[in-house]
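Coordinates as given in protein32.txt (compact mmCIF, C-alpha atoms):
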```txt
# COMPACT_ATOMS: atom_id res chain seq x y z
CA MET A 12 56.33 -30.90 -57.92
CA ASP A 13 57.84 -34.27 -57.00
CA ARG A 14 61.04 -34.70 -55.02
CA GLU A 15 63.24 -35.10 -58.06
CA GLU A 16 61.90 -31.97 -59.73
CA GLN A 17 62.26 -30.06 -56.50
CA ARG A 18 65.89 -31.16 -56.18
CA ASP A 19 66.61 -30.19 -59.79
CA ARG A 20 65.06 -26.79 -59.25
CA PHE A 21 67.07 -26.34 -56.07
CA LEU A 22 70.29 -27.20 -57.89
CA SER A 23 69.50 -24.87 -60.77
CA LEU A 24 69.19 -22.01 -58.27
CA LEU A 25 72.20 -23.09 -56.24
CA ARG A 26 74.79 -23.52 -58.99
CA PRO A 27 75.05 -19.85 -60.04
CA ILE A 28 75.85 -18.80 -56.47
CA GLU A 29 78.18 -21.63 -55.46
CA THR A 30 81.34 -19.54 -55.83
CA ASP A 31 79.92 -16.71 -53.74
CA LEU A 32 78.76 -19.09 -51.03
CA GLU A 33 82.17 -20.75 -50.93
CA ASN A 34 84.05 -17.45 -50.73
CA TYR A 35 81.71 -16.26 -48.01
CA SER A 36 82.12 -19.47 -46.03
CA ARG A 37 85.93 -19.40 -46.33
CA ARG A 38 86.09 -15.88 -44.99
CA MET A 39 83.53 -16.30 -42.23
CA VAL A 40 84.63 -19.46 -40.41
CA PHE A 41 87.09 -19.09 -37.55
CA ASP A 42 88.80 -22.33 -38.40
CA ARG A 43 89.58 -22.77 -42.11
CA ARG A 44 88.94 -26.49 -41.88
CA ASP A 45 85.28 -25.79 -41.14
CA PHE A 46 84.28 -24.05 -44.33
CA GLU A 47 83.42 -27.27 -46.17
CA ASP A 48 81.29 -28.57 -43.32
CA ALA A 49 79.48 -25.26 -43.12
CA LEU A 50 78.69 -25.33 -46.82
CA GLN A 51 77.65 -28.95 -46.86
CA ASN A 52 75.41 -28.62 -43.81
CA ALA A 53 73.86 -25.45 -45.16
CA VAL A 54 73.06 -26.98 -48.54
CA LEU A 55 71.52 -30.09 -46.99
CA ARG A 56 69.52 -27.98 -44.61
CA ALA A 57 68.34 -25.68 -47.39
CA LEU A 58 67.20 -28.60 -49.53
CA ARG A 59 65.23 -30.03 -46.62
CA ALA A 60 63.52 -26.68 -46.11
CA PHE A 61 63.15 -25.92 -49.82
CA ASP A 62 59.41 -26.57 -49.85
CA ARG A 63 59.10 -23.62 -47.47
CA TYR A 64 61.13 -21.33 -49.71
CA HIS A 65 58.91 -18.77 -51.43
CA ALA A 66 59.70 -18.37 -55.11
CA ASP A 67 59.12 -14.60 -54.94
CA ALA A 68 61.87 -14.21 -52.33
CA SER A 69 65.57 -13.97 -53.14
CA PHE A 70 67.12 -17.44 -53.21
CA ARG A 71 70.54 -15.85 -52.78
CA ALA A 72 69.49 -14.08 -49.57
CA TRP A 73 67.75 -17.21 -48.31
CA MET A 74 70.88 -19.33 -48.87
CA PHE A 75 73.16 -16.76 -47.25
CA LYS A 76 70.91 -16.72 -44.22
CA ILE A 77 71.04 -20.49 -43.84
CA LEU A 78 74.80 -20.57 -44.41
CA THR A 79 75.36 -17.77 -41.90
CA ASN A 80 73.41 -19.64 -39.23
CA GLU A 81 75.43 -22.75 -39.97
CA ILE A 82 78.71 -20.86 -39.71
CA PHE A 83 77.72 -19.25 -36.41
CA THR A 84 76.80 -22.68 -35.04
CA ILE A 85 80.14 -24.12 -36.12
CA ASN A 86 82.06 -21.12 -34.82
CA ARG A 87 80.26 -21.45 -31.49
CA LYS A 88 81.36 -25.07 -31.27
CA ARG A 89 84.91 -23.82 -31.69
CA GLY A 90 84.31 -21.60 -28.69
CA CYS A 91 84.00 -18.46 -30.75
CA VAL A 92 80.79 -16.79 -29.71
CA ALA A 93 79.52 -14.22 -32.13
CA GLN A 94 79.28 -10.82 -30.47
CA PHE A 95 76.95 -8.51 -32.27
CA GLU A 96 76.78 -4.82 -31.67
CA ILE A 97 73.96 -3.29 -29.69
CA ALA A 98 71.01 -2.53 -31.89
CA VAL A 99 70.99 0.92 -33.43
CA GLU A 100 67.69 2.68 -33.84
CA PRO A 101 66.78 4.16 -37.24
CA GLU A 102 67.04 7.72 -35.96
CA GLU A 103 70.71 7.07 -35.23
CA MET A 104 71.39 5.78 -38.75
CA GLY A 105 72.79 9.06 -39.95
CA GLU A 106 75.75 8.65 -37.64
CA PHE A 107 76.78 5.51 -39.44
CA ALA A 108 75.81 6.40 -42.96
CA GLY A 109 79.25 7.55 -44.00
CA PRO A 110 82.61 8.88 -42.92
CA ASP A 111 82.43 11.81 -40.55
CA SER A 112 84.95 13.97 -42.27
CA PRO A 113 86.31 14.25 -45.79
CA SER A 114 89.79 13.51 -44.52
CA GLU A 115 88.75 9.91 -44.01
CA LEU A 116 87.82 9.48 -47.63
CA PRO A 117 90.72 10.17 -49.93
CA LEU A 118 92.26 6.79 -50.42
CA SER A 119 93.34 6.32 -53.99
CA TRP A 120 92.73 3.18 -55.97
CA GLU A 121 96.48 2.94 -56.43
CA THR A 122 96.98 2.86 -52.67
CA LEU A 123 94.54 0.05 -52.42
CA ALA A 124 95.92 -1.85 -55.36
CA ASP A 125 99.34 -1.77 -53.77
CA ALA A 126 98.11 -3.24 -50.53
CA LEU A 127 98.95 -6.84 -50.05
CA ASP A 128 96.17 -9.36 -50.00
CA GLU A 129 97.52 -10.71 -46.73
CA GLU A 130 97.03 -7.28 -45.21
CA LEU A 131 93.44 -7.30 -46.32
CA MET A 132 93.00 -10.81 -44.99
CA THR A 133 94.49 -9.81 -41.65
CA ALA A 134 92.30 -6.72 -41.56
CA LEU A 135 89.29 -8.89 -42.25
CA GLN A 136 90.12 -11.02 -39.24
CA THR A 137 90.18 -7.96 -36.99
CA LEU A 138 86.52 -7.25 -37.73
CA ASN A 139 84.02 -8.54 -35.22
CA ASP A 140 81.46 -11.11 -36.35
CA ALA A 141 78.76 -8.63 -37.13
CA GLU A 142 81.05 -6.34 -39.10
CA ARG A 143 82.54 -9.22 -41.06
CA ALA A 144 79.18 -10.83 -41.78
CA VAL A 145 77.63 -7.56 -42.94
CA LEU A 146 80.62 -6.61 -45.09
CA LEU A 147 80.81 -10.03 -46.74
CA MET A 148 77.08 -10.30 -47.30
CA ARG A 149 77.17 -6.95 -49.04
CA ALA A 150 80.39 -7.46 -51.01
CA ILE A 151 80.15 -11.15 -51.86
CA GLY A 152 76.45 -11.83 -51.49
CA ASP A 153 75.41 -8.54 -53.06
CA LEU A 154 72.53 -8.46 -50.61
CA ARG A 155 70.41 -5.39 -49.90
CA TYR A 156 70.64 -3.85 -46.43
CA ARG A 157 67.15 -5.09 -45.62
CA GLU A 158 68.04 -8.63 -46.64
CA ILE A 159 71.17 -8.51 -44.47
CA ALA A 160 69.12 -7.23 -41.53
CA GLU A 161 66.74 -10.14 -41.95
CA CYS A 162 69.54 -12.69 -42.34
CA LEU A 163 71.20 -11.58 -39.13
CA ALA A 164 68.01 -10.62 -37.28
CA ILE A 165 69.41 -7.19 -36.49
CA PRO A 166 67.92 -3.74 -37.14
CA LEU A 167 68.63 -1.91 -40.39
CA GLY A 168 70.56 0.72 -38.43
CA SER A 169 72.92 -1.93 -37.12
CA VAL A 170 73.60 -3.11 -40.68
CA MET A 171 74.58 0.41 -41.67
CA GLY A 172 76.67 0.93 -38.55
CA ASN A 173 78.53 -2.35 -38.90
CA LEU A 174 79.11 -1.87 -42.62
CA SER A 175 80.44 1.63 -42.10
CA ARG A 176 82.80 0.49 -39.33
CA ALA A 177 83.94 -2.53 -41.33
CA ARG A 178 84.83 -0.44 -44.36
CA GLN A 179 86.61 2.08 -42.17
CA LYS A 180 88.67 -0.65 -40.48
CA MET A 181 89.62 -2.15 -43.84
CA ARG A 182 90.58 1.30 -45.11
CA ASP A 183 92.70 1.95 -41.99
CA ALA A 184 94.43 -1.39 -42.36
CA ILE A 185 95.33 -0.66 -45.96
CA LEU A 186 96.70 2.74 -45.05
CA ARG A 187 98.81 1.14 -42.33
CA ALA A 188 100.12 -1.41 -44.84
CA ARG A 189 100.88 1.38 -47.28
CA ARG A 190 102.81 3.31 -44.62
CA ARG A 191 104.78 0.22 -43.68
CA SER A 192 105.70 -0.47 -47.29
CA MET A 193 107.04 3.08 -47.62
CA LEU A 194 109.37 2.71 -44.64
CA MET B 18 72.29 19.64 -50.10
CA ARG B 19 75.44 20.64 -48.26
CA CYS B 20 78.75 18.87 -48.66
CA ALA B 21 78.66 17.46 -45.09
CA GLU B 22 75.17 16.01 -45.62
CA VAL B 23 76.14 14.50 -48.96
CA ARG B 24 79.31 12.92 -47.60
CA LYS B 25 77.40 11.28 -44.78
CA LEU B 26 75.42 9.39 -47.38
CA VAL B 27 78.30 8.17 -49.53
CA GLY B 28 77.96 4.50 -48.47
CA LEU B 29 74.21 4.41 -48.89
CA TYR B 30 74.47 6.16 -52.25
CA LEU B 31 77.06 3.79 -53.66
CA ASP B 32 75.10 0.80 -52.37
CA SER B 33 71.94 2.16 -54.09
CA GLU B 34 70.13 2.17 -50.77
CA LEU B 35 68.77 5.71 -50.95
CA ASP B 36 65.38 6.76 -52.23
CA ALA B 37 65.21 8.21 -55.72
CA LYS B 38 64.76 11.79 -54.53
CA THR B 39 67.84 11.81 -52.29
CA SER B 40 69.92 10.04 -54.94
CA PHE B 41 68.91 12.67 -57.47
CA GLU B 42 69.82 15.47 -55.05
CA ILE B 43 73.24 13.90 -54.49
CA GLN B 44 73.78 13.52 -58.23
CA GLN B 45 72.99 17.18 -58.67
CA HIS B 46 75.41 18.12 -55.91
CA LEU B 47 78.18 15.95 -57.36
CA GLY B 48 77.65 17.64 -60.71
CA SER B 49 78.44 20.99 -59.19
CA CYS B 50 80.97 20.14 -56.46
CA LEU B 51 84.29 18.85 -57.72
CA GLU B 52 85.62 18.05 -54.26
CA CYS B 53 82.67 15.83 -53.31
CA ALA B 54 82.69 14.24 -56.76
CA GLY B 55 86.35 13.34 -56.26
CA LEU B 56 85.71 11.91 -52.83
CA PHE B 57 82.80 9.83 -54.10
CA GLU B 58 84.89 8.53 -56.97
CA ALA B 59 87.69 7.53 -54.57
CA GLU B 60 85.22 5.78 -52.30
CA LYS B 61 83.67 4.00 -55.26
CA LYS B 62 87.04 2.70 -56.40
CA PHE B 63 87.92 1.62 -52.88
CA ASP B 64 84.66 -0.28 -52.66
CA GLU B 65 85.18 -1.92 -56.04
CA ARG B 66 88.71 -3.02 -55.17
CA LEU B 67 87.64 -4.30 -51.77
CA GLY B 68 84.81 -6.21 -53.44
CA GLN B 69 87.25 -7.71 -55.96
CA PHE B 70 89.46 -8.92 -53.12
CA LEU B 71 86.59 -10.37 -51.11
CA ARG B 72 85.02 -12.09 -54.11
CA HIS B 73 88.37 -13.40 -55.31
CA GLY B 74 88.50 -17.17 -55.45
CA LYS B 75 87.13 -19.91 -57.62
CA SER B 76 84.71 -22.50 -56.45
CA THR B 77 86.28 -25.83 -55.62
CA ARG B 78 84.68 -28.09 -58.19
CA SER B 79 85.43 -31.29 -56.30
CA LEU B 80 83.82 -29.92 -53.15
CA TRP B 81 80.62 -28.98 -54.97
CA GLU B 82 80.53 -32.31 -56.73
CA ARG B 83 80.69 -34.00 -53.34
CA ILE B 84 77.94 -31.78 -51.98
CA GLU B 85 75.73 -32.29 -55.01
CA ALA B 86 76.33 -36.04 -54.85
CA ARG B 87 74.98 -36.01 -51.32
CA ILE B 88 71.76 -34.35 -52.36
CA ALA B 89 71.42 -36.14 -55.70
CA PRO B 90 72.89 -39.61 -55.31
CA SER B 91 73.33 -41.05 -58.76
CA GLY B 92 74.28 -44.39 -60.27
CA SER B 93 71.95 -47.31 -59.79
CA ARG B 94 74.95 -49.69 -60.05
CA ARG B 95 76.40 -48.28 -56.90
CA ILE B 96 73.10 -48.68 -55.14
CA LYS B 97 72.83 -52.29 -56.31
CA ALA B 98 76.28 -53.07 -55.00
CA LEU B 99 75.41 -51.64 -51.67
CA TRP B 100 71.95 -53.16 -51.21
CA PRO B 101 72.89 -55.86 -48.65
CA LEU B 102 74.53 -53.20 -46.55
CA ALA B 103 71.55 -50.92 -46.99
CA LEU B 104 69.20 -53.71 -45.93
CA ALA B 105 71.17 -54.35 -42.78
CA ALA B 106 71.35 -50.67 -42.05
CA SER B 107 67.62 -50.27 -42.56
CA PHE B 108 66.94 -52.88 -39.85
CA MET B 109 69.21 -51.04 -37.49
CA ILE B 110 67.64 -47.75 -38.39
CA ALA B 111 64.15 -49.11 -37.90
CA ALA B 112 65.12 -50.32 -34.44
CA GLY B 113 66.69 -46.99 -33.61
CA VAL B 114 63.90 -44.84 -34.97
CA ILE B 115 61.49 -45.75 -32.20
CA PHE B 116 64.08 -44.90 -29.62
CA LEU B 117 65.28 -41.73 -31.31
CA ALA B 118 61.78 -40.48 -32.07
CA ARG B 119 61.38 -39.95 -28.36
CA LEU B 120 64.58 -37.92 -28.21
CA ARG B 121 64.19 -35.97 -31.45
CA PRO B 122 63.16 -32.37 -30.85
CA LEU B 123 59.80 -31.17 -32.12
CA ASP B 124 60.04 -29.23 -35.37
CA LEU B 125 59.04 -25.94 -33.77
CA ALA B 126 61.46 -26.51 -30.86
CA ASN B 127 64.21 -27.12 -33.37
CA ALA B 128 63.31 -24.04 -35.35
CA VAL B 129 63.24 -21.63 -32.40
CA GLU B 130 66.39 -22.99 -30.78
CA GLU B 131 68.64 -20.73 -32.86
CA CYS B 132 66.44 -17.77 -32.06
CA HIS B 133 66.88 -18.33 -28.35
CA SER B 134 70.53 -19.26 -28.68
CA ALA B 135 71.19 -15.93 -30.41
CA TYR B 136 69.49 -14.15 -27.50
CA ALA B 137 71.30 -16.20 -24.86
CA HIS B 138 74.61 -15.33 -26.54
CA GLN B 139 73.64 -11.67 -26.77
CA ILE B 140 73.56 -11.75 -30.55
CA THR B 141 69.92 -10.74 -30.50
CA THR B 142 68.87 -7.74 -28.46
CA PRO B 143 65.44 -6.14 -27.89
CA GLU B 144 64.25 -3.70 -30.52
CA PHE B 145 61.50 -2.05 -28.49
CA SER B 146 59.39 -2.32 -25.38
CA GLY B 147 55.78 -1.33 -24.96
CA THR B 148 53.70 -0.53 -28.02
CA VAL B 149 54.80 -2.16 -31.26
CA PRO B 150 56.30 0.56 -33.51
CA GLU B 151 54.51 1.14 -36.79
CA ARG B 152 57.63 0.27 -38.81
CA ILE B 153 57.56 -3.20 -37.23
CA VAL B 154 53.83 -3.65 -37.85
CA GLN B 155 54.46 -2.94 -41.52
CA GLN B 156 56.75 -5.96 -41.66
CA PHE B 157 54.07 -8.40 -40.49
CA GLY B 158 52.83 -8.93 -44.03
CA GLY B 159 49.44 -9.89 -42.61
CA ARG B 160 50.94 -12.98 -40.96
CA LEU B 161 51.25 -11.63 -37.42
CA ASP B 162 49.44 -9.10 -35.24
CA ALA B 163 50.47 -6.63 -32.56
CA GLU B 164 48.60 -8.70 -29.95
CA ALA B 165 51.30 -11.34 -30.28
CA PHE B 166 53.66 -8.94 -28.52
CA ALA B 167 51.25 -8.41 -25.61
CA TYR B 168 51.82 -11.76 -23.88
CA ARG B 169 53.39 -11.66 -20.45
CA SER B 170 53.89 -14.12 -17.64
CA SER B 171 52.46 -13.37 -14.21
CA GLU B 172 55.27 -15.41 -12.71
CA PRO B 173 57.11 -12.87 -10.48
CA ALA B 174 60.53 -14.33 -11.34
CA PHE B 175 60.01 -13.56 -15.04
CA THR B 176 61.08 -10.13 -16.23
CA SER B 177 60.94 -8.93 -19.82
CA SER B 178 63.55 -6.58 -21.24
CA GLY B 179 61.80 -5.91 -24.54
CA ALA B 180 60.80 -7.55 -27.77
CA ARG B 181 61.58 -7.76 -31.44
CA LEU B 182 60.21 -9.24 -34.63
CA CYS B 183 61.93 -12.38 -35.85
CA HIS B 184 61.42 -14.93 -38.58
CA VAL B 185 61.54 -18.62 -37.80
CA GLU B 186 61.69 -20.79 -40.92
CA GLY B 187 60.14 -17.86 -42.75
CA VAL B 188 57.32 -17.44 -40.25
CA PRO B 189 57.12 -14.02 -38.54
CA VAL B 190 57.08 -14.36 -34.76
CA ALA B 191 57.03 -12.06 -31.77
CA LEU B 192 60.19 -12.64 -29.75
CA ILE B 193 59.75 -11.42 -26.18
CA LEU B 194 63.11 -11.44 -24.46
CA GLY B 195 63.17 -12.04 -20.74
CA HIS B 196 64.91 -13.56 -17.79
CA CYS B 197 63.77 -15.98 -15.16
CA ALA B 198 65.98 -15.76 -12.09
CA ASN B 199 68.79 -14.33 -14.24
CA ILE B 200 68.53 -17.12 -16.83
CA PRO B 201 67.62 -15.92 -20.36
CA VAL B 202 64.18 -17.13 -21.39
CA SER B 203 62.62 -16.37 -24.77
CA MET B 204 58.89 -16.19 -25.25
CA ILE B 205 58.04 -16.76 -28.89
CA VAL B 206 54.53 -16.09 -30.14
CA LEU B 207 53.16 -16.92 -33.56
CA LYS B 208 49.72 -17.06 -35.13
CA LYS B 209 47.99 -20.37 -34.64
CA SER B 210 47.38 -20.54 -38.39
CA GLU B 211 51.17 -20.69 -38.94
CA LEU B 212 51.33 -24.05 -37.19
CA ASP B 213 50.94 -25.68 -40.61
CA HIS B 214 54.66 -24.96 -41.03
CA PHE B 215 55.38 -27.11 -37.98
CA PRO B 216 53.26 -30.26 -38.46
CA GLU B 217 54.80 -32.24 -35.59
CA THR B 218 54.04 -29.54 -33.06
CA LYS B 219 50.60 -29.05 -34.56
CA ARG B 220 49.85 -32.75 -34.25
CA LYS B 221 51.04 -32.77 -30.66
CA LEU B 222 48.99 -29.75 -29.66
CA GLU B 223 45.91 -31.09 -31.42
CA SER B 224 46.27 -34.52 -29.85
CA GLY B 225 44.85 -33.33 -26.57
CA ASP B 226 48.08 -32.35 -24.80
CA PRO B 227 47.58 -28.79 -23.56
CA ILE B 228 51.35 -28.28 -23.56
CA ALA B 229 53.84 -29.64 -26.10
CA CYS B 230 57.28 -30.12 -24.61
CA SER B 231 60.57 -30.96 -26.21
CA ARG B 232 64.27 -30.45 -25.91
CA SER B 233 66.45 -29.00 -28.63
CA GLY B 234 70.17 -28.74 -28.07
CA ARG B 235 70.73 -27.54 -24.55
CA TYR B 236 67.39 -25.76 -24.29
CA GLN B 237 64.01 -26.94 -23.05
CA PHE B 238 60.95 -25.94 -25.00
CA ALA B 239 57.27 -25.78 -24.08
CA ALA B 240 54.38 -24.51 -26.20
CA ARG B 241 50.63 -24.10 -25.83
CA VAL B 242 47.78 -22.48 -27.68
CA VAL B 243 46.42 -19.29 -26.16
CA ASP B 244 43.49 -17.75 -28.05
CA ASP B 245 44.61 -17.32 -31.68
CA HIS B 246 48.28 -17.70 -30.91
CA VAL B 247 50.82 -20.35 -30.09
CA VAL B 248 53.02 -19.26 -27.20
CA CYS B 249 56.37 -20.98 -26.74
CA VAL B 250 58.90 -20.55 -23.97
CA VAL B 251 62.51 -21.61 -24.44
CA GLY B 252 65.38 -21.58 -22.02
CA ASP B 253 68.08 -23.45 -20.19
CA GLU B 254 65.63 -24.22 -17.40
CA PRO B 255 64.20 -27.51 -16.10
CA ARG B 256 61.15 -28.57 -18.10
CA PRO B 257 58.66 -28.34 -15.16
CA ALA B 258 59.81 -24.77 -14.49
CA LEU B 259 59.17 -23.80 -18.11
CA GLU B 260 55.78 -25.50 -18.09
CA ASP B 261 54.82 -23.62 -14.92
CA LEU B 262 55.97 -20.40 -16.51
CA LEU B 263 53.98 -21.09 -19.65
CA LYS B 264 50.82 -21.75 -17.65
CA THR B 265 50.98 -18.22 -16.23
CA VAL B 266 51.25 -16.57 -19.65
CA ARG B 267 48.35 -14.26 -20.50
CA ARG B 268 47.81 -11.50 -22.97
CA ALA B 269 48.31 -8.19 -21.17
CA ASP B 270 45.25 -6.70 -22.86
CA GLY B 271 43.18 -9.89 -22.46
```
If you took the structure in this file and wrote it as structure tokens, what would it be?
Amino acid sequence: MDREEQRDRFLSLLRPIETDLENYSRRMVFDRRDFEDALQNAVLRALRAFDRYHADASFRAWMFKILTNEIFTINRKRGCVAQFEIAVEPEEMGEFAGPDSPSELPLSWETLADALDEELMTALQTLNDAERAVLLMRAIGDLRYREIAECLAIPLGSVMGNLSRARQKMRDAILRARRRSML
Amino acid sequence: MRCAEVRKLVGLYLDSELDAKTSFEIQQHLGSCLECAGLFEAEKKFDERLGQFLRHGKSTRSLWERIEARIAPSGSRRIKALWPLALAASFMIAAGVIFLARLRPLDLANAVEECHSAYAHQITTPEFSGTVPERIVQQFGGRLDAEAFAYRSSEPAFTSSGARLCHVEGVPVALILGHCANIPVSMIVLKKSELDHFPETKRKLESGDPIACSRSGRYQFAARVVDDHVVCVVGDEPRPALEDLLKTVRRADG
């Protein structure tokens, strides 16, 4: 495959996921001005490494991994060092698999629909890097847990733990917003 | 299954991350337990709404056009108009290349820099110490072996806190996390056959230099071939110190 064909193939794989990559980048960078640079650097980097991309692997997961690394690098330059949680061993996974008690679950769709987007955005900012990255990779990237673990080089148990905590924090934030709106 | 067990698995179930047997058992439980079924439904709706919010936003067409233009420059007219400038630039580039080539990090050094940086910033932590767990071995895909995790330095100042499996540019590597006089130092071991992915480093190591050195970002890098592996050490240490450390690296079982 010559360079031109390779570039065309790269673009044909990239275009369907451009929106997801952009949304992910917007919500991951500490400074909003950086999201374009992160995307641009990631795409250029991915194209350069495209000959090492294996066709049987998920292009989506591969691109999210490259973009995540780029975002962490940019965030670090802004003085925001990503702090990941301590690794969780598989035997501890059960603790993070879901809410501990049923009382944490009943949050109606209506409650959520009423919550303001700003509240969600603020709640998103309160997540630590690992929680935000895992939540966004799952929700926007639609990545499998194993793919997320590989992207972030963290154990599968940490993916589950971070995802569970992230969802809980978002849920709590929405409940708080709901309570405020009822005052 | 009991309600408490089922509820613990709500996230995994909705994300389709459970095995078929457990999913089936949960489905059966939900069919007979109205309370759990209601809770699962609420959680599903929450997840859907949260996903809608997070995915909300259109792609900025102009941004992607700019990005695509950078990787697929089009329009020969534009190129023609710019050729005198390009010619001048090419002279400058040619002059600079020789100088920069000496400063440019080796491909492998560049690739492992992020790996070490993540460790130095406590993003990466050890997964195990001692024998490589079977679940890790299963992830080698025939491209790494447990021996890669057995390398240690006899330098007394070097202490290892554990290891983990990592992928560098798609290549599985053993990442042995350590410290040298309280400074984080990563030891990265890959199969010698994987050097094809890093042609610059391969060329350097095959050119007769026993140790390939480079600098990438703020970190020094040194690599050498030991048996069937390539052992690299990376850290914010002076180059001679890293080279000395690398020379003392042996396989614990060797």
I'd like a table as a tab-separated table: residues in chain B with an atom no more than 6 Å from chain A, each row giving the shortest atom pair and its distance in Å to one decimal, all atoms listed in the file counted, sorted by chain and rising residue number.
```
residue	atom	partner	partner_atom	distance
B:Lys25	CA	A:Gly109	CA	4.2
B:Leu26	CA	A:Ala108	CA	5.4
B:Val27	CA	A:Gly109	CA	5.6
B:Gly28	CA	A:Gly109	CA	5.6
B:Ala59	CA	A:Ser119	CA	5.8
B:Lys62	CA	A:Trp120	CA	5.7
B:Phe63	CA	A:Trp120	CA	5.9
B:Gly68	CA	A:Ala150	CA	5.2
B:Arg72	CA	A:Ile151	CA	5.4
B:Ser76	CA	A:Thr30	CA	4.5
B:Ile84	CA	A:Gln51	CA	5.9
B:Ile140	CA	A:Phe95	CA	5.0
```
Between atom CA of A:Lys180 and atom CA of B:Cys50, distance in Å (one decimal):
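It comes out at 27.3 Å.
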If we count only C-alpha atoms, what is near B:Pro216 at a cut-off of 12 Å, once residues fewer than 6 positions away on the same chain are taken out, given as a short mmCIF file (atom, residue, chain, number, x, y, z; two decimals) with C-alpha atoms, in the coordinates of the input?
```
data_model
loop_
_atom_site.label_atom_id
_atom_site.label_comp_id
_atom_site.auth_asym_id
_atom_site.auth_seq_id
_atom_site.Cartn_x
_atom_site.Cartn_y
_atom_site.Cartn_z
CA LEU B 123 59.80 -31.17 -32.12
CA ASP B 124 60.04 -29.23 -35.37
CA LEU B 125 59.04 -25.94 -33.77
CA ALA B 126 61.46 -26.51 -30.86
CA LYS B 209 47.99 -20.37 -34.64
CA SER B 210 47.38 -20.54 -38.39
CA LEU B 222 48.99 -29.75 -29.66
CA GLU B 223 45.91 -31.09 -31.42
CA SER B 224 46.27 -34.52 -29.85
#
```
Spatial neighbours of stretch 166-175 of chain B, 7 Å, all atoms listed in the file, chain gap at least 2 places, as a PyMOL selection string:
chain B and resi 163-164+177+191+193+195-198+262+265-270
Go through A:Ala184, A:Val170, A:Glu142, A:Ala49 one by one, measure the shortest atom-to-atom distance of each to A:Glu158 using only C-alpha atoms, and give the residue with the smallest value.
A:Val170
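Atom CA of B:Cys249 sits 5.6 Å away from atom CA of B:Met204.
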Record the distance separating atom CA of B:Glu131 and atom CA of B:Ala239, expressed in Å with one decimal.
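Atom CA of B:Ala239 lies at a distance of 15.2 Å from atom CA of B:Glu131.
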Give the answer as one residue: which of B:Gln44, B:Asn199, B:Asn127, B:Thr142 has the shortest atom-to-atom distance to B:Cys183, using all atoms listed in the file?
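Checking each candidate against B:Cys183, we get B:Thr142 as the closest.
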